[in-house]
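Quick look at run17.cif (mmCIF, C-alpha atoms):
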```cif
data_data
loop_
_atom_site.label_atom_id
_atom_site.label_comp_id
_atom_site.auth_asym_id
_atom_site.auth_seq_id
_atom_site.Cartn_x
_atom_site.Cartn_y
_atom_site.Cartn_z
CA MET A 1 3.75 2.27 -52.33
CA SER A 2 7.03 2.95 -50.55
CA GLY A 3 5.18 2.17 -47.31
CA SER A 4 4.12 -1.35 -48.28
CA PHE A 5 7.52 -2.14 -49.76
CA SER A 6 9.39 -1.00 -46.67
CA VAL A 7 7.12 -3.16 -44.50
CA PHE A 8 7.80 -6.11 -46.81
CA ALA A 9 11.57 -5.62 -46.56
CA ARG A 10 11.41 -5.22 -42.77
CA GLU A 11 9.27 -8.32 -42.27
CA LEU A 12 11.58 -10.38 -44.40
CA LYS A 13 14.54 -9.30 -42.28
CA LEU A 14 12.72 -9.78 -38.97
CA ALA A 15 11.54 -13.24 -40.04
CA TRP A 16 15.14 -14.33 -40.62
CA SER A 17 16.71 -12.62 -37.64
CA GLY A 18 13.99 -12.97 -35.03
CA GLY A 19 14.49 -16.49 -33.76
CA GLY A 20 14.62 -19.09 -36.49
CA GLY A 21 11.52 -18.17 -38.48
CA ALA A 22 11.25 -21.17 -40.78
CA ALA A 23 12.83 -23.75 -38.45
CA LEU A 24 9.67 -24.86 -36.63
CA PRO A 25 7.35 -25.26 -39.66
CA VAL A 26 10.07 -26.96 -41.72
CA GLY A 27 10.93 -29.29 -38.84
CA PHE A 28 7.27 -30.11 -38.32
CA PHE A 29 6.82 -30.77 -42.05
CA ALA A 30 9.86 -33.04 -42.22
CA ALA A 31 8.93 -34.90 -39.04
CA SER A 32 5.32 -35.58 -40.01
CA ALA A 33 6.26 -36.87 -43.45
CA SER A 34 9.07 -39.05 -42.12
CA MET A 35 6.73 -40.62 -39.55
CA THR A 36 4.50 -41.87 -42.35
CA PRO A 37 6.42 -45.09 -43.19
CA PHE A 38 6.13 -46.12 -39.53
CA ALA A 39 2.36 -45.68 -39.54
CA VAL A 40 1.50 -46.73 -43.11
CA GLY A 41 4.15 -49.42 -43.48
CA SER A 42 7.26 -49.29 -45.61
CA GLU A 43 5.90 -51.19 -48.65
CA THR A 44 6.55 -49.13 -51.77
CA ALA A 45 3.01 -49.52 -53.09
CA ALA A 46 1.36 -48.39 -49.85
CA LEU A 47 3.68 -45.37 -49.53
CA GLN A 48 3.13 -44.38 -53.14
CA THR A 49 -0.63 -44.44 -52.63
CA ALA A 50 -0.52 -42.44 -49.41
CA GLY A 51 2.44 -40.22 -50.33
CA PRO A 52 0.82 -37.32 -52.22
CA GLY A 53 -2.01 -37.01 -49.68
CA VAL A 54 0.36 -37.12 -46.71
CA MET A 55 2.58 -34.50 -48.31
CA TRP A 56 -0.31 -32.09 -48.76
CA ILE A 57 -1.75 -32.60 -45.28
CA ALA A 58 1.70 -32.05 -43.76
CA LEU A 59 2.25 -28.99 -45.95
CA ALA A 60 -1.10 -27.47 -44.98
CA LEU A 61 -0.63 -28.02 -41.25
CA SER A 62 2.96 -26.77 -41.34
CA SER A 63 1.76 -23.61 -43.08
CA LEU A 64 -0.69 -23.02 -40.23
CA LEU A 65 2.06 -22.95 -37.60
CA PRO A 66 3.49 -19.49 -38.28
CA MET A 67 0.03 -17.93 -38.67
CA GLU A 68 -0.62 -17.29 -34.99
CA ARG A 69 2.21 -14.76 -34.79
CA LEU A 70 1.72 -13.23 -38.24
CA PHE A 71 -0.13 -10.15 -36.97
CA GLN A 72 -0.19 -10.75 -33.22
CA ALA A 73 3.23 -9.29 -32.41
CA ASP A 74 2.46 -6.10 -34.36
CA LEU A 75 -0.87 -5.75 -32.60
CA GLU A 76 0.64 -6.26 -29.14
CA ASP A 77 3.53 -3.83 -29.48
CA GLY A 78 1.52 -1.03 -31.11
CA THR A 79 3.09 -1.33 -34.56
CA LEU A 80 -0.33 -1.91 -36.17
CA ASP A 81 -1.61 1.32 -34.57
CA ALA A 82 1.36 3.16 -36.04
CA TYR A 83 0.78 1.59 -39.46
CA ALA A 84 -2.96 2.30 -39.37
CA GLY A 85 -2.62 5.84 -38.10
CA SER A 86 -0.22 6.77 -40.87
CA GLY A 87 -2.68 6.67 -43.70
CA ILE A 88 -1.33 3.66 -45.58
CA GLY A 89 -3.95 1.02 -46.35
CA MET A 90 -4.18 -2.01 -44.10
CA GLU A 91 -4.57 -4.12 -47.26
CA GLY A 92 -1.04 -3.19 -48.32
CA ILE A 93 0.28 -4.06 -44.85
CA ALA A 94 -1.48 -7.45 -44.88
CA LEU A 95 -0.21 -8.21 -48.39
CA ALA A 96 3.37 -7.16 -47.57
CA LYS A 97 3.51 -9.14 -44.33
CA THR A 98 1.95 -12.30 -45.76
CA LEU A 99 4.18 -12.25 -48.83
CA ALA A 100 7.30 -11.74 -46.71
CA HIS A 101 6.36 -14.63 -44.42
CA TRP A 102 5.65 -16.85 -47.40
CA ILE A 103 9.12 -16.12 -48.76
CA ALA A 104 10.74 -16.69 -45.36
CA THR A 105 8.82 -19.89 -44.50
CA GLY A 106 6.80 -21.11 -47.51
CA ILE A 107 9.77 -21.30 -49.84
CA PRO A 108 11.90 -23.33 -47.36
CA LEU A 109 8.95 -25.73 -47.03
CA ALA A 110 8.88 -26.17 -50.81
CA VAL A 111 12.66 -26.67 -50.84
CA VAL A 112 12.57 -29.62 -48.43
CA ALA A 113 9.46 -31.13 -50.06
CA PRO A 114 11.40 -33.20 -52.68
CA VAL A 115 13.41 -34.92 -49.94
CA LEU A 116 10.19 -36.05 -48.29
CA TRP A 117 8.74 -37.00 -51.67
CA ILE A 118 11.68 -39.38 -52.27
CA MET A 119 11.31 -40.75 -48.71
CA LEU A 120 7.67 -41.53 -49.55
CA GLN A 121 8.83 -43.47 -52.63
CA GLY A 122 7.59 -40.89 -55.12
CA PRO A 123 9.09 -41.07 -58.63
CA VAL A 124 12.33 -39.10 -58.89
CA GLU A 125 11.29 -37.57 -62.25
CA ALA A 126 8.48 -35.68 -60.47
CA THR A 127 10.65 -33.82 -57.95
CA GLY A 128 10.61 -30.64 -60.03
CA LEU A 129 6.83 -30.73 -60.05
CA VAL A 130 6.80 -31.34 -56.30
CA VAL A 131 8.75 -28.15 -55.71
CA LEU A 132 6.53 -26.16 -58.05
CA ALA A 133 3.30 -27.55 -56.57
CA SER A 134 4.57 -26.93 -53.03
CA LEU A 135 5.42 -23.33 -53.88
CA ILE A 136 1.94 -22.76 -55.28
CA GLY A 137 0.31 -24.65 -52.41
CA THR A 138 2.11 -22.80 -49.63
CA LEU A 139 1.35 -19.49 -51.35
CA ALA A 140 -2.37 -20.36 -51.15
CA PHE A 141 -2.05 -21.66 -47.58
CA PHE A 142 -0.25 -18.53 -46.34
CA PHE A 143 -2.67 -16.10 -47.94
CA PHE A 144 -5.85 -17.93 -46.89
CA GLY A 145 -4.20 -18.35 -43.50
CA SER A 146 -3.68 -14.61 -43.18
CA ILE A 147 -7.45 -14.14 -42.88
CA GLY A 148 -7.57 -16.49 -39.89
CA ALA A 149 -4.40 -14.90 -38.51
CA ALA A 150 -5.97 -11.44 -38.65
CA LEU A 151 -9.21 -12.62 -37.04
CA ALA A 152 -7.34 -14.28 -34.19
CA ALA A 153 -4.70 -11.56 -33.74
CA GLY A 154 -6.43 -10.02 -30.74
CA MET A 155 -6.92 -13.33 -28.93
CA ARG A 156 -4.80 -15.32 -26.61
CA ARG A 157 -4.39 -18.85 -27.91
CA GLY A 158 -6.09 -17.96 -31.16
CA GLY A 159 -4.49 -20.95 -32.88
CA LEU A 160 -7.63 -23.06 -32.69
CA LEU A 161 -9.71 -20.30 -34.26
CA ILE A 162 -7.15 -19.94 -37.03
CA ALA A 163 -7.38 -23.65 -37.79
CA LEU A 164 -11.21 -23.60 -37.75
CA VAL A 165 -11.45 -20.57 -40.02
CA THR A 166 -8.61 -21.45 -42.34
CA LEU A 167 -8.75 -25.20 -42.95
CA PRO A 168 -12.02 -25.06 -44.95
CA LEU A 169 -10.39 -22.43 -47.18
CA TYR A 170 -7.47 -24.82 -47.74
CA VAL A 171 -9.72 -27.56 -49.17
CA PRO A 172 -9.72 -26.61 -52.88
CA THR A 173 -5.94 -26.17 -52.88
CA MET A 174 -5.52 -29.51 -51.11
CA ILE A 175 -7.77 -31.38 -53.55
CA PHE A 176 -6.17 -30.01 -56.73
CA GLY A 177 -2.64 -30.10 -55.36
CA ALA A 178 -2.89 -33.71 -54.21
CA ALA A 179 -4.51 -34.60 -57.55
CA ALA A 180 -1.56 -33.08 -59.42
CA LEU A 181 0.96 -35.10 -57.39
CA ASP A 182 -1.20 -38.24 -57.72
CA ALA A 183 -1.26 -37.81 -61.46
CA ALA A 184 2.50 -37.28 -61.56
CA ALA A 185 3.08 -40.41 -59.44
CA ASP A 186 0.92 -42.40 -61.88
CA GLY A 187 2.59 -40.87 -64.91
CA ALA A 188 -0.69 -39.22 -65.95
CA ASP A 189 -1.30 -35.62 -67.05
CA TRP A 190 -0.77 -33.29 -64.09
CA VAL A 191 -1.03 -29.93 -65.88
CA GLY A 192 -4.79 -29.53 -65.38
CA PRO A 193 -4.83 -30.12 -61.60
CA LEU A 194 -1.72 -27.95 -61.19
CA LEU A 195 -3.38 -25.06 -63.04
CA LEU A 196 -6.42 -25.40 -60.78
CA THR A 197 -4.10 -25.33 -57.74
CA GLY A 198 -2.59 -22.17 -59.17
CA SER A 199 -5.99 -20.59 -59.66
CA ALA A 200 -6.88 -21.33 -56.02
CA ALA A 201 -3.62 -19.68 -54.95
CA LEU A 202 -4.20 -16.62 -57.13
CA PHE A 203 -7.71 -16.30 -55.73
CA GLY A 204 -6.21 -16.35 -52.24
CA VAL A 205 -3.54 -13.77 -53.06
CA ALA A 206 -6.09 -11.48 -54.70
CA THR A 207 -8.82 -11.61 -52.06
CA SER A 208 -7.34 -12.43 -48.67
CA PRO A 209 -5.53 -9.08 -48.10
CA PHE A 210 -8.95 -7.42 -48.11
CA GLY A 211 -10.40 -9.90 -45.63
CA ALA A 212 -7.34 -9.69 -43.41
CA ALA A 213 -7.37 -5.87 -43.52
CA MET A 214 -11.01 -5.80 -42.45
CA ALA A 215 -10.26 -8.10 -39.52
CA LEU A 216 -7.20 -6.05 -38.52
CA ARG A 217 -9.15 -2.79 -38.50
CA THR A 218 -11.64 -4.44 -36.17
CA ALA A 219 -8.83 -5.77 -34.01
CA ILE A 220 -7.41 -2.29 -33.35
CA ASP A 221 -10.84 -0.64 -32.97
CA MET B 1 1.50 14.39 -47.61
CA ALA B 2 0.39 17.55 -45.85
CA GLY B 3 3.21 19.54 -44.27
CA SER B 4 2.94 21.50 -41.05
CA GLY B 5 2.42 24.79 -42.88
CA ALA B 6 -1.34 24.47 -43.35
CA SER B 7 -2.50 27.60 -41.56
CA SER B 8 -6.18 26.88 -42.25
CA LEU B 9 -5.94 23.76 -40.13
CA VAL B 10 -9.09 23.28 -38.08
CA LEU B 11 -10.49 20.40 -36.06
CA GLU B 12 -14.22 20.32 -35.46
CA VAL B 13 -15.78 17.77 -33.14
CA GLU B 14 -19.53 17.71 -32.84
CA ASN B 15 -21.62 15.95 -30.24
CA LEU B 16 -19.12 13.11 -29.96
CA ALA B 17 -19.79 10.08 -27.77
CA ALA B 18 -17.46 7.15 -27.16
CA ALA B 19 -18.29 3.69 -25.90
CA ARG B 20 -16.27 0.68 -24.91
CA GLY B 21 -18.50 -2.35 -25.29
CA LEU B 22 -21.84 -1.40 -23.72
CA ARG B 23 -20.39 1.32 -21.49
CA VAL B 24 -20.61 4.89 -22.73
CA LEU B 25 -17.44 6.71 -21.64
CA PHE B 26 -18.43 10.28 -22.50
CA GLU B 27 -21.05 11.98 -24.61
CA GLY B 28 -21.94 15.39 -25.96
CA LEU B 29 -18.35 16.44 -26.69
CA SER B 30 -18.12 19.41 -29.06
CA LEU B 31 -14.95 21.38 -29.61
CA ARG B 32 -13.09 23.42 -32.16
CA LEU B 33 -9.34 23.61 -32.34
CA VAL B 34 -7.27 25.66 -34.79
CA ALA B 35 -3.66 25.64 -35.98
CA GLY B 36 -1.12 26.40 -33.27
CA GLU B 37 -3.38 25.31 -30.44
CA ALA B 38 -2.81 22.50 -27.98
CA LEU B 39 -5.48 20.68 -26.01
CA GLU B 40 -4.79 18.78 -22.81
CA LEU B 41 -7.15 15.92 -22.07
CA ARG B 42 -7.67 15.34 -18.40
CA GLY B 43 -9.83 13.01 -16.38
CA ALA B 44 -9.59 9.94 -14.20
CA ASN B 45 -8.36 6.58 -15.48
CA GLY B 46 -11.07 5.10 -17.69
CA SER B 47 -12.72 8.43 -18.48
CA GLY B 48 -12.06 7.96 -22.19
CA LYS B 49 -8.91 10.02 -22.90
CA SER B 50 -7.23 7.25 -24.83
CA THR B 51 -10.44 6.35 -26.64
CA LEU B 52 -10.93 9.98 -27.70
CA LEU B 53 -7.39 10.08 -29.09
CA ARG B 54 -7.96 6.83 -30.98
CA ILE B 55 -11.20 8.22 -32.42
CA LEU B 56 -9.42 11.39 -33.54
CA ALA B 57 -6.71 9.21 -35.10
CA GLY B 58 -9.35 7.27 -37.02
CA LEU B 59 -8.48 3.99 -35.30
CA THR B 60 -11.69 3.61 -33.30
CA ARG B 61 -15.17 4.43 -34.50
CA PRO B 62 -17.16 6.90 -32.40
CA HIS B 63 -20.38 5.80 -30.72
CA ALA B 64 -22.06 8.94 -32.03
CA GLY B 65 -21.11 12.34 -33.44
CA THR B 66 -18.62 13.54 -36.01
CA VAL B 67 -14.94 14.43 -36.23
CA ARG B 68 -13.77 16.63 -39.08
CA PHE B 69 -10.36 18.00 -39.96
CA PHE B 70 -10.03 20.89 -42.39
CA GLY B 71 -6.89 22.17 -44.08
CA GLY B 72 -5.74 20.23 -47.11
CA GLU B 73 -7.07 17.19 -48.89
CA GLU B 74 -6.20 14.76 -46.15
CA VAL B 75 -4.89 16.16 -42.90
CA GLY B 76 -1.97 14.02 -41.77
CA ARG B 77 -2.09 12.79 -38.20
CA HIS B 78 0.43 11.14 -35.92
CA TYR B 79 -0.92 8.93 -33.18
CA LEU B 80 1.43 7.97 -30.35
CA GLY B 81 -0.24 5.56 -27.96
CA HIS B 82 0.90 3.81 -24.80
CA LEU B 83 2.63 1.20 -26.91
CA ASP B 84 5.87 2.36 -28.47
CA ALA B 85 5.88 0.05 -31.52
CA VAL B 86 9.51 -0.85 -30.82
CA LYS B 87 10.71 -4.19 -32.20
CA PRO B 88 12.90 -6.10 -29.71
CA SER B 89 15.26 -7.63 -32.28
CA GLU B 90 15.87 -4.56 -34.45
CA ASN B 91 18.48 -1.88 -33.73
CA ALA B 92 17.16 1.50 -32.62
CA GLY B 93 18.80 3.24 -35.57
CA GLU B 94 17.45 0.66 -37.99
CA GLN B 95 13.92 1.17 -36.63
CA ALA B 96 14.16 4.93 -37.16
CA ARG B 97 15.47 4.33 -40.69
CA PHE B 98 12.59 1.90 -41.30
CA TRP B 99 10.03 4.56 -40.40
CA ALA B 100 11.85 7.02 -42.65
CA ARG B 101 11.55 4.60 -45.56
CA TYR B 102 7.94 3.85 -44.59
CA PHE B 103 7.06 7.53 -44.79
CA GLY B 104 9.08 7.97 -47.97
CA ARG B 105 11.81 10.06 -46.32
CA ASP B 106 15.58 9.67 -46.54
CA ALA B 107 17.91 8.27 -43.91
CA GLU B 108 19.01 11.82 -43.01
CA ALA B 109 15.56 12.43 -41.52
CA ALA B 110 16.01 9.39 -39.29
CA THR B 111 19.49 10.44 -38.18
CA ALA B 112 18.34 13.98 -37.39
CA ALA B 113 15.35 12.68 -35.40
CA MET B 114 17.53 10.28 -33.40
CA LYS B 115 19.83 13.17 -32.57
CA ARG B 116 16.94 15.41 -31.55
CA VAL B 117 15.54 12.88 -29.07
CA GLY B 118 18.97 12.14 -27.64
CA LEU B 119 19.39 8.59 -28.93
CA SER B 120 22.33 9.11 -31.29
CA ASN B 121 24.63 6.99 -29.16
CA ARG B 122 22.03 4.20 -28.84
CA SER B 123 21.62 3.57 -32.58
CA SER B 124 23.19 0.13 -32.54
CA VAL B 125 21.32 -1.11 -29.47
CA PRO B 126 18.50 -3.58 -30.23
CA GLY B 127 15.00 -2.63 -29.06
CA ARG B 128 15.09 -5.07 -26.16
CA GLY B 129 18.17 -3.34 -24.79
CA LEU B 130 16.48 0.04 -24.50
CA SER B 131 14.96 1.31 -21.27
CA ALA B 132 11.26 2.26 -21.15
CA GLY B 133 12.17 5.93 -21.49
CA GLN B 134 14.50 5.26 -24.43
CA LYS B 135 11.75 3.28 -26.17
CA ARG B 136 9.44 6.25 -25.72
CA ARG B 137 12.10 8.55 -27.17
CA LEU B 138 12.44 6.19 -30.14
CA ALA B 139 8.65 6.38 -30.65
CA LEU B 140 8.93 10.19 -30.62
CA THR B 141 11.25 10.04 -33.64
CA ARG B 142 8.23 9.18 -35.81
CA LEU B 143 6.81 12.65 -35.11
CA LEU B 144 10.00 14.25 -36.37
CA ILE B 145 10.77 11.97 -39.31
CA GLU B 146 7.48 12.73 -41.03
CA PRO B 147 6.12 16.24 -40.41
CA ARG B 148 2.36 16.05 -39.96
CA PRO B 149 0.08 18.83 -38.79
CA VAL B 150 -1.85 16.92 -36.12
CA TRP B 151 -0.21 15.16 -33.18
CA LEU B 152 -2.30 12.90 -30.99
CA LEU B 153 -0.26 11.92 -27.95
CA ASP B 154 -1.35 9.54 -25.22
CA GLU B 155 0.61 10.39 -22.09
CA PRO B 156 3.71 11.27 -24.10
CA THR B 157 5.88 11.86 -21.03
CA ALA B 158 5.15 8.51 -19.38
CA ALA B 159 8.45 6.79 -18.49
CA LEU B 160 10.49 9.88 -19.44
CA ASP B 161 12.99 11.54 -17.11
CA THR B 162 13.00 15.29 -16.38
CA GLU B 163 15.16 15.99 -19.41
CA GLY B 164 12.82 13.87 -21.55
CA ARG B 165 9.77 15.79 -20.32
CA THR B 166 11.48 19.04 -21.22
CA LEU B 167 12.22 17.58 -24.64
CA VAL B 168 8.53 16.73 -25.22
CA SER B 169 7.45 20.23 -24.10
CA GLN B 170 9.99 21.70 -26.52
CA LEU B 171 8.83 19.47 -29.40
CA VAL B 172 5.21 20.42 -28.74
CA ALA B 173 6.07 24.13 -28.59
CA ASP B 174 8.05 23.92 -31.85
CA HIS B 175 5.24 22.03 -33.52
CA ARG B 176 2.67 24.63 -32.49
CA ALA B 177 4.92 27.47 -33.60
CA ALA B 178 5.12 25.81 -37.02
CA GLY B 179 1.32 25.84 -37.29
CA GLY B 180 0.66 22.34 -36.01
CA MET B 181 -1.97 21.12 -33.59
CA VAL B 182 -1.43 18.94 -30.52
CA ILE B 183 -3.96 16.98 -28.52
CA ALA B 184 -2.49 15.09 -25.60
CA ALA B 185 -3.74 13.06 -22.69
CA VAL B 186 -1.75 14.16 -19.65
CA HIS B 187 -1.50 13.57 -15.95
CA GLY B 188 0.67 15.94 -13.95
CA ASP B 189 2.31 18.88 -15.69
CA GLY B 190 0.74 20.00 -18.94
CA PHE B 191 2.11 22.16 -21.72
CA ALA B 192 2.39 25.92 -21.42
CA GLY B 193 -0.51 27.84 -22.92
CA SER B 194 -2.68 24.89 -23.83
CA ARG B 195 -6.43 24.54 -23.44
CA VAL B 196 -7.77 21.95 -21.06
CA LEU B 197 -10.63 19.53 -21.55
CA ASP B 198 -11.77 17.56 -18.52
CA LEU B 199 -13.61 14.47 -19.70
CA ALA B 200 -15.14 13.95 -16.26
CA SER B 201 -17.59 16.76 -17.06
CA LEU B 202 -18.84 14.81 -20.06
CA LYS B 203 -19.31 11.56 -18.24
CA ALA B 204 -22.32 9.68 -19.60
CA GLY B 205 -25.46 10.60 -17.69
CA ALA B 206 -23.87 13.68 -16.08
CA LYS B 207 -26.34 15.93 -17.86
CA ALA B 208 -29.41 14.00 -18.89
#
```
Will you turn the file into structure tokens for me?
Amino acid sequence: MSGSFSVFARELKLAWSGGGGAALPVGFFAASASMTPFAVGSETAALQTAGPGVMWIALALSSLLPMERLFQADLEDGTLDAYAGSGIGMEGIALAKTLAHWIATGIPLAVVAPVLWIMLQGPVEATGLVVLASLIGTLAFFFFGSIGAALAAGMRRGGLLIALVTLPLYVPTMIFGAAALDAAADGADWVGPLLLTGSAALFGVATSPFGAAMALRTAID
Amino acid sequence: MAGSGASSLVLEVENLAAARGLRVLFEGLSLRLVAGEALELRGANGSGKSTLLRILAGLTRPHAGTVRFFGGEEVGRHYLGHLDAVKPSENAGEQARFWARYFGRDAEAATAAMKRVGLSNRSSVPGRGLSAGQKRRLALTRLLIEPRPVWLLDEPTAALDTEGRTLVSQLVADHRAAGGMVIAAVHGDGFAGSRVLDLASLKAGAKA
């Protein structure tokens, strides 16, 4: 286990030190949500209707951005060979790397989410829920994304493949997550949809390291 | 975690064939190597030296045949390829300490390894500031941090200066003396007293 934990700690440090890390996805997330009033119109009712959906689309696409480099750098510089040749399971490596990148990028996304929620005229009382739902949502997006990231690691410009493979896997999380925010905006019960979002995320965390590991072993073959 | 002391260490390769895509690189390779021995892989570029090393490391699946290691439950192997696995933004010393933690060793092991490969005074230099030879030396620290009986080295002296080549020869000799096994792809000078395998003789179709 010391192997996986040391990889987790290293990835977390590299994500912070190695050139911004969270800056691009967070900037993209903030920009796409703040463009919405210009496209949808600034009427409160229109923004409140579109708000939850826009938030989730922006969150999903922002989570895709860091995926291209998730495993690619390690494949290119031989680090994956060194990890694989040292007898520690690729599943542990995939889990450690994805979790570290979620902490470095997913959590900052969830932290800025309430600001965008208020900009989209969402009710202030729901900001706590927005943070919680964004944390759960990005967790699902990063883990499902890791499968696409592993499949595309050996390709140049694999970003399109990542989007094609990953976006269908994002659908359940998107539906339940947006439903939870919708319900909160309407003052209805949001616990059910939020639990379903959580179950989608847990499914992703539990299964995707195995899929990613399989793809990574093929990538270094 | 097998140490280097396993004296019953044996590698048996039977009727091995390797392919890249549809092209068979070599076939019919059988060999037996025991503790303390070194094997030099020779052959032209593209003859399958690197592929053979990756197969022995368990990274690439063979086209046909079997590879078996004996001597302990799981015989530990180190694979050092062309790529040095050096991170550009991390200090050299920090990278050695990372591998020590990764292998469950203490920081002392990392410090000693850095000293052995002559990088003690480069500890605080980030990976991007190291020369090609220094990156190779940093990769060599992995061999020393975690003792493992089998070393699989792909042109270990590439980019190294004369002193660096002497260092690698010394490391290989020490490893063999401790009961380890070394298989290395080499051009130019080999290691003293090692067996030689020329992959050109096993080229696909050479003996139909």
Using atom CA of A:Phe203 and atom CA of A:Ala140 as the two end points, give the distance in Å to one decimal.
->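 Taking atom CA of A:Phe203 and atom CA of A:Ala140, their separation equals 8.1 Å.
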How close does chain B get to chain A? List, as CSV, each residue of chain B within 9 Å, its nearest atom pair and the distance in Å to one decimal, counting all atoms listed in the file.
```
residue,atom,partner,partner_atom,distance
B:Arg54,CA,A:Asp221,CA,8.2
B:Ile55,CA,A:Asp221,CA,8.9
B:Ala57,CA,A:Gly85,CA,6.1
B:Gly58,CA,A:Gly85,CA,7.0
B:Leu59,CA,A:Asp221,CA,5.7
B:Thr60,CA,A:Asp221,CA,4.3
B:Arg61,CA,A:Asp221,CA,6.8
B:Gly76,CA,A:Ser86,CA,7.5
B:Arg77,CA,A:Ser86,CA,6.8
B:His78,CA,A:Gly85,CA,6.5
B:Tyr79,CA,A:Gly85,CA,6.1
B:Leu80,CA,A:Ala82,CA,7.5
B:Gly81,CA,A:Gly78,CA,7.5
B:His82,CA,A:Gly78,CA,8.0
B:Leu83,CA,A:Gly78,CA,4.9
B:Asp84,CA,A:Gly78,CA,6.1
B:Ala85,CA,A:Thr79,CA,4.4
B:Val86,CA,A:Asp77,CA,6.8
B:Lys87,CA,A:Asp77,CA,7.7
B:Pro88,CA,A:Gly18,CA,8.8
B:Ser89,CA,A:Gly18,CA,6.1
B:Glu90,CA,A:Leu14,CA,7.6
B:Phe98,CA,A:Ser6,CA,6.9
B:Trp99,CA,A:Ser6,CA,8.4
B:Arg101,CA,A:Ser6,CA,6.1
B:Tyr102,CA,A:Gly3,CA,4.2
B:Phe103,CA,A:Gly3,CA,6.2
B:Gly104,CA,A:Ser2,CA,6.0
```
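Distances to A:Leu47 were evaluated for A:Leu167, A:Ala149, A:Leu95, A:Met35 using all atoms listed in the file, and the minimum falls at A:Met35.
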Rows by chain and residue number, stretch 54-169 of chain A within 12 Å of stretch 185-195 of chain A, shortest pair, all atoms listed in the file, as a Markdown table:
```
| residue | atom | partner | partner_atom | distance |
| --- | --- | --- | --- | --- |
| A:Trp117 | CA | A:Ala185 | CA | 10.2 |
| A:Ile118 | CA | A:Ala185 | CA | 11.2 |
| A:Leu120 | CA | A:Ala185 | CA | 11.0 |
| A:Gln121 | CA | A:Ala185 | CA | 9.4 |
| A:Gly122 | CA | A:Ala185 | CA | 6.3 |
| A:Pro123 | CA | A:Ala185 | CA | 6.1 |
| A:Val124 | CA | A:Ala185 | CA | 9.4 |
| A:Glu125 | CA | A:Ala185 | CA | 9.1 |
| A:Ala126 | CA | A:Ala185 | CA | 7.3 |
| A:Thr127 | CA | A:Ala185 | CA | 10.1 |
| A:Leu129 | CA | A:Trp190 | CA | 9.0 |
| A:Val130 | CA | A:Ala185 | CA | 10.3 |
| A:Val131 | CA | A:Leu194 | CA | 11.8 |
| A:Leu132 | CA | A:Leu194 | CA | 9.0 |
| A:Ala133 | CA | A:Leu194 | CA | 6.8 |
| A:Ser134 | CA | A:Leu194 | CA | 10.4 |
| A:Leu135 | CA | A:Leu194 | CA | 11.2 |
| A:Ile136 | CA | A:Leu194 | CA | 8.7 |
| A:Gly137 | CA | A:Leu194 | CA | 9.6 |
```
Find the distance between atom CA of A:Pro25 and atom CA of A:Leu65 and write it in Å to one decimal.
->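 Calculated distance between atom CA of A:Pro25 and atom CA of A:Leu65 is 6.1 Å.
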Pairwise distance for atom CA of B:Arg105 and atom CA of B:Arg122, rounded to one decimal in Å =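 Spanning atom CA of B:Arg105 to atom CA of B:Arg122 is a straight-line distance of 21.1 Å.
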Shortest interatomic distance to B:Ala110 - which of B:Arg165, B:Arg97, B:Arg176, B:Arg148, counting all atoms listed in the file | B:Arg97
Exercise: A:Ala96 partners within 7 Å, only C-alpha atoms, chain neighbours under 2 positions left out, as a list of chain:residue names |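 The contact residues come out as A:Ser4, A:Phe5, A:Val7, A:Phe8, A:Gly92, A:Ile93, A:Ala94, A:Thr98, A:Leu99, A:Ala100.
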Rank B:Gln95, B:Ala35, B:Leu52, B:Thr111 by their smallest atom-to-atom distance to A:Glu11, using only C-alpha atoms, and report the top residue only.
->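 Using only C-alpha atoms, A:Glu11 sits closest to B:Gln95.
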Quick one: which residues end up in the PyMOL selection byres ((chain A and resi 56-62) around 7) for this structure, as a list of chain:residue names?
->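 When the PyMOL selection byres ((chain A and resi 56-62) around 7) is applied, the selected residues are A:Pro25, A:Phe28, A:Phe29, A:Ser32, A:Ala33, A:Pro52, A:Gly53, A:Val54, A:Met55, A:Ser63, A:Leu64, A:Leu65, A:Phe141, A:Met174, A:Ala178.
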List the residues matched by the PyMOL selection byres ((chain B and resi 151-159) around 10) in the displayed structure as number ranges by chain, ordered by chain and then by residue number.
-> B: 38-41, 49-54, 56-57, 76-83, 131-137, 139-140, 143, 147-150, 160-162, 164-169, 172, 175-176, 180-190
Using the chain letters and residue numbers of this document, give as a PyMOL selection string the residues selected by the PyMOL selection byres ((chain B and resi 71) around 8).
-> chain B and resi 6-10+69-70+72-75
Shortest interatomic distance to A:Val165 - which of A:Val111, A:Ala201, A:Leu12, A:Met67, counting all atoms listed in the file =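 The answer is A:Met67, which sits nearest to A:Val165.
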Which one is closest to B:Ala113: B:Ala100, B:Ile145, B:Val196, B:Ala92? Count only C-alpha atoms.
->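 Looking only at the distances to B:Ala113, the closest residue turns out to be B:Ile145.
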Might you pull out every residue within 10 Å of A:Leu202, with only C-alpha atoms counted and same-chain residues fewer than 5 positions away left off, and present them as a list in words?
->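 With the cut-off at 10 Å, the set is Ile136, Leu139, Ala140, Phe143, Leu196, Thr197, Thr207 and Ser208 of chain A.
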Near-A:Gly21 list (10 Å; only C-alpha atoms; drop same-chain fewer than 5 positions) as a ChimeraX atom specification | /A:12,14-16,26,66,101,104-105
Near A:Leu160, within 10 Å and counting only C-alpha atoms, which residues show up once chain neighbours fewer than 5 positions away are dropped, as a list in words?
->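 Near neighbours after the sequence-gap exclusion: Glu68, Gly148, Ala152, Val165 and Thr166 of chain A.
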Saved selection, atoms kept: C-alpha atoms, as a compact mmCIF listing (two decimals), in the frame of the given file:
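File result_11.txt, as written:
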```txt
# COMPACT_ATOMS: atom_id res chain seq x y z
CA GLU A 68 -0.62 -17.29 -34.99
CA GLY A 148 -7.57 -16.49 -39.89
CA ALA A 152 -7.34 -14.28 -34.19
CA VAL A 165 -11.45 -20.57 -40.02
CA THR A 166 -8.61 -21.45 -42.34
```
